[in-house]
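Below is the file coords_35.txt, which contains compact mmCIF, C-alpha atoms and all ligand atoms.
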# COMPACT_ATOMS: atom_id res chain seq x y z
CA MET A 1 77.28 20.17 35.38
CA LYS A 2 75.85 17.29 33.50
CA GLY A 3 77.88 15.48 30.84
CA LEU A 4 76.60 14.72 27.37
CA THR A 5 73.40 12.71 27.23
CA TYR A 6 73.37 9.58 25.16
CA VAL A 7 71.48 11.37 22.37
CA GLU A 8 73.88 14.32 22.39
CA LEU A 9 76.81 11.95 22.22
CA LEU A 10 75.30 10.23 19.20
CA VAL A 11 74.82 13.61 17.50
CA VAL A 12 78.43 14.61 18.16
CA LEU A 13 79.77 11.27 16.96
CA GLY A 14 77.54 11.53 13.92
CA LEU A 15 79.03 14.91 13.05
CA ILE A 16 82.64 13.73 13.10
CA PRO A 17 82.52 12.03 9.68
CA VAL A 18 80.78 15.11 8.27
CA VAL A 19 83.57 17.37 9.54
CA ILE A 20 86.23 14.97 8.24
CA GLY A 21 84.41 14.91 4.92
CA ILE A 22 84.43 18.70 4.70
CA ILE A 23 88.13 18.94 5.59
CA SER A 24 89.14 16.27 3.11
CA GLY A 25 86.97 17.96 0.48
CA VAL A 26 88.81 21.24 1.03
CA LEU A 27 92.16 19.44 0.85
CA LYS A 28 91.11 17.75 -2.38
CA VAL A 29 90.18 21.10 -3.92
CA GLN A 30 93.52 22.58 -2.80
CA ASN A 31 95.38 19.60 -4.24
CA TYR A 32 93.40 19.97 -7.44
CA TYR A 33 94.55 23.59 -7.78
CA LYS A 34 98.15 22.61 -7.03
CA THR A 35 98.06 19.92 -9.70
CA THR A 36 96.45 22.30 -12.18
CA ARG A 37 99.20 24.86 -11.60
CA ASP A 38 101.85 22.14 -11.91
CA LEU A 39 100.45 21.04 -15.28
CA GLN A 40 100.64 24.67 -16.37
CA ARG A 41 104.30 24.77 -15.23
CA LEU A 42 105.08 21.63 -17.18
CA GLN A 43 103.51 23.09 -20.30
CA ASP A 44 105.20 26.49 -19.81
CA LEU A 45 108.66 25.02 -19.37
CA ASN A 46 108.31 22.78 -22.42
CA LEU A 47 107.14 25.75 -24.49
CA LEU A 48 110.00 27.94 -23.30
CA ASN A 49 112.47 25.13 -23.91
CA SER A 50 111.25 24.68 -27.51
CA ALA A 51 111.41 28.42 -28.20
CA LEU A 52 114.95 28.65 -26.80
CA ASN A 53 116.01 25.53 -28.62
CA PHE A 54 114.76 26.99 -31.89
CA TYR A 55 116.50 30.31 -31.18
CA PHE A 56 119.83 28.67 -30.30
CA GLN A 57 119.70 26.58 -33.48
CA ASN A 58 118.48 29.22 -35.91
CA ALA A 59 119.55 32.71 -34.83
CA THR A 60 122.16 34.11 -37.24
CA SER A 61 124.15 35.50 -34.32
CA ILE A 62 123.15 33.93 -31.03
CA ASP A 63 123.05 36.39 -28.13
CA PRO A 64 121.70 34.52 -25.09
CA ASP A 65 121.70 37.65 -22.88
CA GLY A 66 120.11 39.77 -25.59
CA PRO A 67 120.73 43.31 -26.85
CA ASN A 68 120.75 44.99 -23.41
CA LEU A 69 123.15 42.81 -21.43
CA ASP A 70 126.63 41.37 -21.91
CA GLY A 71 128.98 39.00 -20.13
CA ARG A 72 126.17 37.17 -18.32
CA GLY A 73 127.05 33.61 -19.35
CA VAL A 74 128.14 31.18 -16.64
CA ASP A 75 131.47 31.06 -18.53
CA GLU A 76 131.81 34.87 -18.52
CA SER A 77 132.59 37.72 -16.14
CA MET A 78 129.11 37.89 -14.53
CA PRO A 79 127.67 34.37 -14.32
CA THR A 80 123.96 35.11 -14.02
CA ILE A 81 120.78 33.29 -13.10
CA PHE A 82 117.71 34.93 -14.61
CA VAL A 83 114.54 34.76 -12.49
CA SER A 84 110.91 35.07 -13.64
CA VAL A 85 109.83 37.21 -10.64
CA PRO A 86 109.74 40.97 -11.40
CA SER A 87 111.85 43.00 -8.96
CA GLU A 88 108.90 45.10 -7.73
CA LYS A 89 107.11 41.96 -6.55
CA ASP A 90 110.00 40.32 -4.67
CA LYS A 91 113.62 41.36 -4.67
CA PHE A 92 116.06 38.44 -4.65
CA PHE A 93 119.61 38.79 -3.32
CA GLU A 94 121.93 40.28 -5.94
CA SER A 95 124.68 37.69 -5.88
CA CYS A 96 125.81 34.64 -4.00
CA PHE A 97 129.00 32.64 -3.68
CA TYR A 98 128.63 28.96 -4.45
CA TYR A 99 131.34 26.87 -2.77
CA PRO A 100 131.19 23.62 -4.79
CA ASN A 101 132.46 25.36 -7.92
CA ASN A 102 134.00 28.47 -6.36
CA LYS A 103 131.87 30.84 -8.37
CA THR A 104 129.83 33.94 -7.65
CA TYR A 105 126.42 33.92 -9.33
CA TYR A 106 124.49 37.09 -10.01
CA ILE A 107 120.71 37.25 -10.01
CA TYR A 108 118.91 39.13 -12.76
CA GLN A 109 115.33 40.35 -12.47
CA THR A 110 113.49 42.69 -14.76
CA ASN A 111 110.50 44.94 -14.03
CA LYS A 112 106.77 44.29 -13.96
CA ASN A 113 106.11 46.09 -17.25
CA ASP A 114 108.64 44.16 -19.31
CA TYR A 115 109.12 40.80 -17.65
CA GLN A 116 107.04 38.83 -20.15
CA LYS A 117 108.37 40.52 -23.30
CA ILE A 118 110.19 38.43 -25.92
CA ASN A 119 112.13 41.37 -27.44
CA GLY A 120 115.15 41.22 -25.11
CA PHE A 121 113.57 43.15 -22.23
CA GLY A 122 111.88 40.15 -20.61
CA TRP A 123 113.08 37.96 -17.73
CA VAL A 124 114.71 35.73 -20.40
CA PRO A 125 116.66 38.53 -22.13
CA VAL A 126 116.80 36.79 -25.54
CA ASN A 127 115.39 38.78 -28.47
CA PHE A 128 113.21 36.04 -29.97
CA PHE A 129 112.32 38.29 -32.92
CA GLU A 130 115.75 37.48 -34.37
CA VAL A 131 114.32 34.20 -35.64
CA ASP A 132 111.46 33.88 -38.13
CA PHE A 133 109.25 31.79 -35.85
CA PRO A 134 109.73 32.86 -32.22
CA GLY A 135 107.39 30.05 -31.05
CA ILE A 136 106.07 32.18 -28.19
CA SER A 137 104.37 35.58 -28.06
CA SER A 138 105.13 36.28 -24.41
CA LEU A 139 107.41 34.73 -21.81
CA PRO A 140 105.69 32.29 -19.47
CA VAL A 141 106.03 32.88 -15.74
CA ASP A 142 105.13 30.70 -12.77
CA PRO A 143 101.41 30.86 -11.78
CA ILE A 144 102.53 31.80 -8.22
CA ASN A 145 105.85 33.43 -9.12
CA ASN A 146 107.26 34.67 -5.84
CA LEU A 147 110.43 34.27 -3.86
CA ARG A 148 109.20 32.73 -0.63
CA SER A 149 107.35 29.83 -2.23
CA GLY A 150 110.34 28.77 -4.33
CA LEU A 151 107.88 28.78 -7.23
CA TYR A 152 109.49 30.64 -10.14
CA TYR A 153 111.21 29.83 -13.40
CA LEU A 154 114.96 30.14 -13.94
CA TYR A 155 117.20 30.55 -17.00
CA ALA A 156 120.98 30.53 -17.45
CA PHE A 157 123.32 30.08 -20.41
CA GLN A 158 126.88 29.47 -21.55
CA ARG A 159 128.31 31.72 -24.30
CA ASN A 160 131.03 29.63 -25.88
CA SER A 161 129.56 26.64 -27.62
CA PRO A 162 126.20 28.16 -26.70
CA GLN A 163 124.06 26.17 -24.28
CA TYR A 164 121.18 27.00 -21.97
CA GLU A 165 119.06 25.66 -19.12
CA VAL A 166 115.60 26.50 -17.77
CA SER A 167 114.06 25.08 -14.60
CA VAL A 168 110.88 24.99 -12.54
CA GLY A 169 109.75 23.79 -9.09
CA PHE A 170 106.42 22.05 -8.40
CA GLU A 171 103.79 22.26 -5.62
CA SER A 172 101.94 18.95 -5.64
CA ALA A 173 103.46 15.93 -3.93
CA GLU A 174 103.05 13.70 -6.99
CA PHE A 175 105.38 15.81 -9.16
CA GLN A 176 108.04 16.20 -6.48
CA LYS A 177 110.92 13.91 -5.63
CA GLY A 178 109.62 10.45 -4.71
CA GLY A 179 106.08 11.28 -5.91
CA VAL A 180 104.09 8.98 -8.19
CA ALA A 181 104.75 11.31 -11.14
CA ASP A 182 108.23 12.51 -10.04
CA ARG A 183 109.36 15.03 -12.68
CA VAL A 184 112.29 16.54 -10.79
CA SER A 185 114.83 13.94 -9.64
CA ASN A 186 115.15 11.86 -12.82
CA ASP A 187 115.76 14.50 -15.52
CA GLY A 188 119.56 14.07 -15.60
CA GLY A 189 120.17 17.50 -14.07
CA ASN A 190 122.06 18.54 -10.93
CA ASP A 191 119.00 19.73 -8.95
CA GLU A 192 116.84 16.95 -7.59
CA ASN A 193 114.09 19.37 -6.55
CA ARG A 194 113.46 21.07 -9.89
CA LEU A 195 112.61 19.98 -13.40
CA GLU A 196 115.52 21.06 -15.61
CA LEU A 197 115.31 21.32 -19.40
CA GLY A 198 117.75 22.61 -22.00
CA THR A 199 121.01 21.68 -23.69
CA ASN A 200 123.18 21.65 -20.53
CA LEU A 201 121.44 20.92 -17.22
CA ASN A 202 124.49 21.79 -15.12
CA LEU A 203 124.48 25.52 -15.89
CA ILE A 204 122.12 26.42 -13.02
CA PRO A 205 123.77 25.04 -9.89
CA GLY A 206 121.84 22.54 -7.79
CA PHE A 207 121.01 24.71 -4.82
CA VAL A 208 117.59 25.81 -3.72
CA PHE A 209 117.57 29.52 -3.10
CA SER A 210 114.17 30.03 -1.61
CA PHE A 211 114.12 31.33 1.95
CA CA A 301 124.26 40.60 -25.21
CA CA A 302 116.20 17.87 -11.68
CA CA A 303 120.72 22.53 -13.23
Please go through the file and, once you have read it, give me the structure as structure tokens.
Amino acid sequence: MKGLTYVELLVVLGLIPVVIGIISGVLKVQNYYKTTRDLQRLQDLNLLNSALNFYFQNATSIDPDGPNLDGRGVDESMPTIFVSVPSEKDKFFESCFYYPNNKTYYIYQTNKNDYQKINGFGWVPVNFFEVDFPGISSLPVDPINNLRSGLYYLYAFQRNSPQYEVSVGFESAEFQKGGVADRVSNDGGNDENRLELGTNLNLIPGFVFSF
């Protein structure tokens, strides 16, 4: 067996930068898509936050778990975290015990037909039609929106002196903790891996429950 000739070696060496170029091009495209989805998340969460803020300030009788549910505030009998993933797509665990505050949290998911509705049947169970200007026509959900990725939106509320929180996780390194555009660890909330918005950022506990 003969090794590579000088010419063959030159060809192989010449191809290395091409291959590196292709790989880095693919990575750039992937990063571009991640960043695009993250910008969507940022916009979605701000929109949802404004709509909830308007509802909490203007509804004549505030019902943060809507017409179909009761007792779901973190200060009530079934402290609940509402998740944007419909149950047919990915079923989360139904409840979990959280040691730091000695509380059991329940997970609420709705179905794939209703999860984006703003009439009380959506993943945020508020009936936004109770205010004159709902601000949104459908509930935003994460562009990926599944359990395993940790990419989904969350909502929780407190009933007495009504408060709420929504949160989101990001994909691209720049938006994550320590990134150049870190949006998660400096928002004043209790979860350094998610962007938290709302009137009380301690309602959703600071644990990551992706698997
Ligand atoms: Ca209710
Ligand atoms: Ca945070
Ligand atoms: Ca929180």
Might you pull out every residue within 12 Å of segment 23-32 of chain A, with all atoms listed in the file counted and same-chain residues fewer than 3 positions away left off, and present them as a list in words?
Ile16, Pro17, Val18, Val19, Ile20, Thr35, Thr36, Arg37, Asp38, Leu39, Glu171, Ser172, Ala173, Glu174 and Phe175 of chain A
Looking at A:Gly179, A:Gly120, A:Gly169, A:Gly66, which one is nearest to ligand CA 303 (chain A), with distances taken over only C-alpha atoms and all ligand atoms?
A:Gly169
Neighbourhood of ligand CA 302 (chain A) at 7 Å, counting all atoms listed in the file, reported as a PyMOL selection string
chain A and resi 184-196
Given all atoms listed in the file as the counted atoms, nearest of A:Gly71, A:Gly14, A:Gly135, A:Pro205 to ligand CA 301 (chain A):
A:Gly71
Have a look at atom CA of Pro67 of chain A and atom CA of Lys117 of chain A and let me know their distance in Å, one decimal.
13.2 Å
Minimum-distance residue to ligand CA 301 (chain A), chosen among A:Ile118, A:Ala51, A:Ile62, A:Val7 (using all atoms listed in the file):
A:Ile62
Rows by chain and residue number, chain A within 8 Å of ligand CA 301 (chain A), shortest pair, all atoms listed in the file, as a Markdown table:
| residue | atom | partner | partner_atom | distance |
| --- | --- | --- | --- | --- |
| A:Asp63 | CA | A:CA301 | CA | 5.3 |
| A:Pro64 | CA | A:CA301 | CA | 6.6 |
| A:Asp65 | CA | A:CA301 | CA | 4.5 |
| A:Gly66 | CA | A:CA301 | CA | 4.2 |
| A:Pro67 | CA | A:CA301 | CA | 4.7 |
| A:Asn68 | CA | A:CA301 | CA | 5.9 |
| A:Leu69 | CA | A:CA301 | CA | 4.5 |
| A:Asp70 | CA | A:CA301 | CA | 4.1 |
| A:Gly71 | CA | A:CA301 | CA | 7.1 |
| A:Arg72 | CA | A:CA301 | CA | 7.9 |
Generate the output file for the selected residues, C-alpha atoms, as a PDB file, in the coordinates of the input.
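Result saved to result_35.pdb:
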ATOM      1  CA  ASP A  63     123.050  36.390 -28.130  1.00  0.00           C
ATOM      2  CA  PRO A  64     121.700  34.520 -25.090  1.00  0.00           C
ATOM      3  CA  ASP A  65     121.700  37.650 -22.880  1.00  0.00           C
ATOM      4  CA  GLY A  66     120.110  39.770 -25.590  1.00  0.00           C
ATOM      5  CA  PRO A  67     120.730  43.310 -26.850  1.00  0.00           C
ATOM      6  CA  ASN A  68     120.750  44.990 -23.410  1.00  0.00           C
ATOM      7  CA  LEU A  69     123.150  42.810 -21.430  1.00  0.00           C
ATOM      8  CA  ASP A  70     126.630  41.370 -21.910  1.00  0.00           C
ATOM      9  CA  GLY A  71     128.980  39.000 -20.130  1.00  0.00           C
ATOM     10  CA  ARG A  72     126.170  37.170 -18.320  1.00  0.00           C
TER      11      ARG A  72
END
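Closest to Ser84 of chain A among A:Thr5, A:Gln40, A:Asn145, A:Asn58 is A:Asn145, based on all atoms listed in the file.
Neighbours of Ser167 of chain A closer than or equal to 9 Å, with all atoms listed in the file counted and sequence neighbours fewer than 3 positions away skipped, come out as A:Leu45, A:Tyr152, A:Tyr153, A:Leu154, A:Tyr155, A:Arg194, A:Leu195, A:Glu196, A:Leu197, A:Gly198, A:Leu201, A:Ile204.
The smallest atom-to-atom distance between Asn200 of chain A and any of A:Ile22, A:Val131, A:Val74, A:Leu42, using all atoms listed in the file, is found for A:Val74.
Interatomic distance, atom CA of Ile136 of chain A to atom CA of Leu151 of chain A: 21.3 Å.
Atom pair atom CA of Glu88 of chain A / atom CA of Lys112 of chain A: separated by 6.6 Å.
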What's around Phe157 of chain A at 6 Å? Count all atoms listed in the file, leave out sequence neighbours fewer than 4 positions away in its own chain, and write the answer as a list of chain:residue names.
A:Gly73, A:Gln163, A:Tyr164
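If you measure from each of A:Ser161, A:Pro134, A:Ile81, A:Glu76 to ligand CA 303 (chain A) using all atoms listed in the file, the closest one turns out to be A:Ile81.
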Show me, as a ChimeraX atom specification, the residues that have an atom within 10 Å of Gln116 of chain A when counting only C-alpha atoms, minus same-chain residues fewer than 2 positions from it.
/A:84,86,110-114,118-125,137-141
Reconstructed N, CA and C atoms for segment 30-54 of chain A, given as a CSV table (one decimal), keeping the file's coordinate frame:
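Result file is selection15.csv:
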chain,number,residue,atom,x,y,z
A,30,GLN,N,92.2,21.9,-2.8
A,30,GLN,CA,93.5,22.6,-2.8
A,30,GLN,C,94.5,21.8,-3.6
A,31,ASN,N,94.5,20.4,-3.5
A,31,ASN,CA,95.4,19.6,-4.2
A,31,ASN,C,95.1,19.7,-5.7
A,32,TYR,N,93.8,19.8,-6.0
A,32,TYR,CA,93.4,20.0,-7.4
A,32,TYR,C,94.0,21.2,-8.0
A,33,TYR,N,94.0,22.3,-7.3
A,33,TYR,CA,94.6,23.6,-7.8
A,33,TYR,C,96.1,23.5,-7.9
A,34,LYS,N,96.7,22.8,-6.9
A,34,LYS,CA,98.2,22.6,-7.0
A,34,LYS,C,98.5,21.8,-8.3
A,35,THR,N,97.8,20.7,-8.5
A,35,THR,CA,98.1,19.9,-9.7
A,35,THR,C,97.8,20.7,-11.0
A,36,THR,N,96.7,21.5,-11.0
A,36,THR,CA,96.4,22.3,-12.2
A,36,THR,C,97.6,23.3,-12.5
A,37,ARG,N,98.1,23.9,-11.4
A,37,ARG,CA,99.2,24.9,-11.6
A,37,ARG,C,100.5,24.1,-12.1
A,38,ASP,N,100.7,22.9,-11.5
A,38,ASP,CA,101.8,22.1,-11.9
A,38,ASP,C,101.8,21.7,-13.4
A,39,LEU,N,100.6,21.4,-13.9
A,39,LEU,CA,100.4,21.0,-15.3
A,39,LEU,C,100.8,22.3,-16.2
A,40,GLN,N,100.3,23.4,-15.7
A,40,GLN,CA,100.6,24.7,-16.4
A,40,GLN,C,102.2,24.9,-16.4
A,41,ARG,N,102.8,24.6,-15.3
A,41,ARG,CA,104.3,24.8,-15.2
A,41,ARG,C,105.0,23.8,-16.2
A,42,LEU,N,104.5,22.6,-16.3
A,42,LEU,CA,105.1,21.6,-17.2
A,42,LEU,C,105.0,22.1,-18.6
A,43,GLN,N,103.8,22.6,-19.0
A,43,GLN,CA,103.5,23.1,-20.3
A,43,GLN,C,104.4,24.3,-20.6
A,44,ASP,N,104.4,25.3,-19.6
A,44,ASP,CA,105.2,26.5,-19.8
A,44,ASP,C,106.7,26.2,-20.1
A,45,LEU,N,107.2,25.3,-19.3
A,45,LEU,CA,108.7,25.0,-19.4
A,45,LEU,C,109.0,24.3,-20.7
A,46,ASN,N,108.1,23.4,-21.1
A,46,ASN,CA,108.3,22.8,-22.4
A,46,ASN,C,108.2,23.8,-23.6
A,47,LEU,N,107.3,24.7,-23.5
A,47,LEU,CA,107.1,25.8,-24.5
A,47,LEU,C,108.4,26.6,-24.5
A,48,LEU,N,108.8,27.1,-23.4
A,48,LEU,CA,110.0,27.9,-23.3
A,48,LEU,C,111.2,27.2,-23.8
A,49,ASN,N,111.3,26.0,-23.4
A,49,ASN,CA,112.5,25.1,-23.9
A,49,ASN,C,112.5,25.0,-25.4
A,50,SER,N,111.3,24.8,-26.0
A,50,SER,CA,111.2,24.7,-27.5
A,50,SER,C,111.6,26.0,-28.2
A,51,ALA,N,111.1,27.1,-27.6
A,51,ALA,CA,111.4,28.4,-28.2
A,51,ALA,C,112.9,28.7,-28.1
A,52,LEU,N,113.5,28.4,-27.0
A,52,LEU,CA,115.0,28.6,-26.8
A,52,LEU,C,115.8,27.7,-27.7
A,53,ASN,N,115.3,26.5,-27.8
A,53,ASN,CA,116.0,25.5,-28.6
A,53,ASN,C,116.0,26.0,-30.1
A,54,PHE,N,114.9,26.5,-30.5
A,54,PHE,CA,114.8,27.0,-31.9
A,54,PHE,C,115.7,28.2,-32.1
